[in-house]
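Data first, discussion second: the structure below is written as structure tokens.
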Amino acid sequence: MNQNDINNLRGKTAVVGLAESGCGMASGWSAMEIMANSVHDALDDAGIKLNEVDGVFAATAFHSMAAMSLSEYLGLKPKFADGSQIGGSSFLSHILTAALALDAGLINVAVVAYGSNQKSIGGFKTISEAMPYEAQYEPRMPVTAYALAAKRYMHEFRASREDLANVAVSARDWALLNPRAYTYDKGPLTVEDVLSARPIVDPLGKLDCCLVTDGGAAVIMTRSDRAKDTKNTPIYLLGAAMEHHHRMVSEMPDLVRTSAIESSQRAFKMSSYKATDMDTIQLYDAFTINTLLFLEDLGFCKKGEAIELVKNNNIGPSGSLNVNTNGGGLSCVHPGMYGLFVTLEAIRQLRNSAGDNVGERSGGGWIDNAKLSVAHGNGGVLSSQVTNVWGVSETL
Amino acid sequence: MPENLKGLVGPEQQFKNYLSEGKFMIQRCKSLDKFFFHPRVAFPGTGERDLEWVEASGIGTVHSTTCNRRLPEKGGDFNLSLITLDEGPRMMARVEGTEPDKVQIGQKVKARISILNGEPAVIFDILQG
């Protein structure tokens, strides 16, 4: 068997239910309770009973053995579980592993879940141990790492803080259309707002950084034959791939090129679609620099050209690219690990377009006729990169 | 390497021991004639184990740099940079001797061993001219 044989995973599995819970502020709720609520709501969405779940996939900043803790809490005895922790992209890799386990017949129904109450218990909660050879210098991780990448990007491509700020402005404009977004009623941002926000780690200011919220999410996956009989529109996993090249930012081979180049190439190849076929583009925007790097690394433009692509609100609701249409980690939700939320948005856009009721949006918040979405996850310090390509049945 | 590792210390401790002696040492793979950082038990990626410690020239170039904002009562702003050593490897460090937000990518820097939070640490100063 060679690596290309994995392409037989294309379209073999689907997400048939999803939910989020406690996004924003959920005082009085534990991370586990938020995660479990998401699972039960996602099962209701799918019309699948709890006792049919035999595969459990989870990661949080609160549980060292999240898949086992979640299984116990739910009262499940899974036949396969995976709590791999590769940071915020973990869930997109769990989706790949779940697809493999479903396709191999190890399990029939998988749940991929996450929960966090970081905001209501005091603020950002890291999942990371101190890094040897770095911690002594007291970097403010993860912000310092992304700031180092942003600074290098600005140097290599003559980019400015305004170029970074354009990303935050567009993300906010999407959030203003999404009642689920934390900043839905906070009004628009200007470039000047972003530039004048409190500096955190130069060149990144507070509004270059993601929100700090509570929140949980879950998706339910089955094989595609079963998916046809569930209550809502199944969304098929057409491609999935991961890669990572470093753990510490000081070991990152190239600060302006991430392993999303490799993960996206293989995911798109498996899907038989290319970046420009995507109707919606959901990128893990923990910081403004992420969106620029991932637009380039996933192939929406050449290296260094994202600064032109994001000008004039071109990735906002009135632009030509539907990027981070929920408002992103910058303006919708970010409970510490954002990966399931790019996934939820990628799938919700397709389900809405297919006629499912997945919530209200103001005009332009739902993309008409969306059939293909890419969800891209990032973890660590631009470290782990995982790309999932999703499509409606006619894209199979 | 003896199976029980007795009587030896790992490369991380060895690196720190050298710093305590006032030496900034990095590892070199003899068969590949290549330096690497951070210290490891074998050459990353290909696993060669014929390693030796060599005193670094201490000369490097700022690859990227940030000013980490911190309240004055907690010590104030400080620089944090990635430095590419003339030997090739890159490392995280602070550049001192100038305002923390005035360090420039491409500047040549020179290492010295200082004390940071009670432990010896490699710190860089900007090389003038």
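Chain labels follow the order of the structure tokens: the first chain is A, the next B, and so on; residue numbering restarts at 1 in every chain, and ligands are counted from 1 in their shown order.
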Q. Mind listing as a PyMOL selection string which residues of chain B are within 8 Å of chain A, counting only C-alpha atoms?
A. chain B and resi 38+63-69+80-82+90-94+101+105+116-117+121
Q: Find the residues around Leu50 (chain A) up to 10 Å (only C-alpha atoms counted), leave out those fewer than 5 positions away in its own chain, and share them as a ChimeraX atom specification.
A: /A:39-40,43-44,74-76,109,111
Would you write out those residues with C-alpha atoms, as a PDB file, in the first residue's frame?
ATOM      1  CA  VAL A  39     -22.215  16.063  22.138  1.00  0.00           C
ATOM      2  CA  HIS A  40     -25.846  15.558  23.158  1.00  0.00           C
ATOM      3  CA  LEU A  43     -26.550  13.717  18.465  1.00  0.00           C
ATOM      4  CA  ASP A  44     -30.019  15.322  18.549  1.00  0.00           C
ATOM      5  CA  LEU A  74     -21.258  10.262  28.691  1.00  0.00           C
ATOM      6  CA  GLY A  75     -21.509   6.670  29.950  1.00  0.00           C
ATOM      7  CA  LEU A  76     -20.005   5.152  26.809  1.00  0.00           C
ATOM      8  CA  VAL A 109     -20.610   6.243  14.882  1.00  0.00           C
ATOM      9  CA  VAL A 111     -18.122  11.805  18.005  1.00  0.00           C
TER      10      VAL A 111
END
Q.
When you count only C-alpha atoms, which of these residues is closest to Ala159 (chain A): A:Glu305, A:Asp103, A:Asp82, A:Asp225?
A. A:Glu305
(Q) When you look at region 23-31 of chain B with a cut-off of 7 Å (counting only C-alpha atoms), what residues show up, excluding the ones that are within fewer than 6 positions of it in the same chain? I need them as a list in words. (A)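 Counting only C-alpha atoms, the residues come to Phe15, Phe37, Pro39, Phe43, Asp50, Leu51, Glu52, Trp53, Val54, Glu55 and Ala56 of chain B.
Residues lying within 6 Å of region 14-17 of chain A, counting only C-alpha atoms and ignoring same-chain neighbours fewer than 3 positions away, are Ala42, Asp45, Ala46, Val219, Ile220, Met221, Thr222, Ser224, Pro234, Ile235, Tyr236 and Leu237 of chain A.
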Q: Select, from A:Asn290, A:Thr343, A:Ser271, A:Ser69, the residue with the minimum atom-to-atom distance to Asn7 (chain A), counting only C-alpha atoms.
A: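 The answer is A:Ser271, which sits nearest to Asn7 (chain A).
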Q | Close residues, Asn313 (chain A) itself excluded, 7 Å, only C-alpha atoms, min 5 positions apart in chain, as a VMD selection string | A | chain A and resid 166 170 319
Q: Quick one: pick out all strand (DSSP E) residues within region 48-127 of chain B from a backbone DSSP run and write them as a PyMOL selection string.
A: chain B and resi 51-55+59-68+78-85+90-96+108-116+119-126
Q. So what do you get for CA of Ser331 (chain A) versus CA of Ile95 (chain A), distance-wise?
A.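 Separation of CA of Ser331 (chain A) and CA of Ile95 (chain A): 24.8 Å.
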Q. For Val191 (chain A), which residue out of A:Arg257, A:Asn312, A:Asn369, A:Gly105 is the nearest one, using only C-alpha atoms?
A. A:Asn312
Q.
With only C-alpha atoms as the counted atoms, please give the residues lying no more than 10 Å from Asn8 (chain A), apart from itself and same-chain residues fewer than 4 positions off, as a ChimeraX atom specification.
A. /A:4,12,103,238-239,270-271
Given the selection you just returned, output its residues as a file containing N, CA and C atoms, formatted as a short mmCIF file (atom, residue, chain, number, x, y, z; two decimals), in the first residue's frame.
data_model
loop_
_atom_site.label_atom_id
_atom_site.label_comp_id
_atom_site.auth_asym_id
_atom_site.auth_seq_id
_atom_site.Cartn_x
_atom_site.Cartn_y
_atom_site.Cartn_z
N ASN A 4 -0.85 7.01 -1.71
CA ASN A 4 -1.99 7.44 -2.52
C ASN A 4 -3.23 6.60 -2.28
N LYS A 12 -16.03 8.62 1.89
CA LYS A 12 -16.45 7.40 2.59
C LYS A 12 -17.21 7.70 3.89
N ASP A 103 -14.08 3.71 8.24
CA ASP A 103 -13.91 3.01 6.97
C ASP A 103 -13.38 1.60 7.18
N LEU A 238 -14.29 14.87 1.87
CA LEU A 238 -13.72 14.57 0.55
C LEU A 238 -12.21 14.45 0.59
N GLY A 239 -11.59 15.15 1.55
CA GLY A 239 -10.13 15.10 1.63
C GLY A 239 -9.69 15.47 3.03
N MET A 270 -6.65 14.52 -2.56
CA MET A 270 -7.59 13.46 -2.21
C MET A 270 -9.02 13.83 -2.62
N SER A 271 -9.34 15.12 -2.46
CA SER A 271 -10.71 15.57 -2.72
C SER A 271 -11.03 15.64 -4.20
#
Q. What's the 7 Å shell around Gln107 (chain B), counting only C-alpha atoms, without same-chain residues fewer than 6 positions away, as a PyMOL selection string?
A. chain B and resi 61-62+126
Selection above as a file: N, CA and C atoms, as a JSON list (two decimals), in the first residue's frame:
[["chain", "number", "residue", "atom", "x", "y", "z"],
["B", 61, "THR", "N", 23.02, 36.57, 13.35],
["B", 61, "THR", "CA", 22.24, 37.59, 12.66],
["B", 61, "THR", "C", 20.80, 37.51, 13.16],
["B", 62, "VAL", "N", 20.19, 38.67, 13.38],
["B", 62, "VAL", "CA", 18.80, 38.69, 13.83],
["B", 62, "VAL", "C", 17.91, 38.21, 12.68],
["B", 126, "ILE", "N", 24.12, 43.89, 20.08],
["B", 126, "ILE", "CA", 24.29, 44.29, 18.69],
["B", 126, "ILE", "C", 25.75, 44.65, 18.44]]
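Proximity ranking of A:Tyr184, A:Tyr284, A:Tyr73, A:Trp29 relative to Lys119 (chain A) places A:Trp29 first, based on only C-alpha atoms.
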Q: Calculate how many Å separate CA of Asp297 (chain A) from CA of Ser160 (chain A), rounding to one decimal.
A: 19.4 Å
Q: Go ahead and compute the interatomic distance for CA of Asn178 (chain A) and CA of Arg361 (chain A), in Å to one decimal.
A: 5.1 Å
**Q.** Shortest interatomic distance to Val109 (chain B) - which of B:Glu96, B:Glu48, B:Glu3, B:Glu12, counting only C-alpha atoms
**A.** B:Glu96
Q | Per-residue DSSP, region 1-90 of chain B, filtered to alpha helix (DSSP H), as a list in words | A | Pro11, Glu12, Gln13, Gln14, Phe15, Lys16, Asn17, Tyr18, Leu19 and Ser20 of chain B
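Candidate residues A:Ala130, A:Leu70, A:Leu106, A:Ala286 were compared for distance to Glu33 (chain A), and the nearest is A:Leu70, using only C-alpha atoms.
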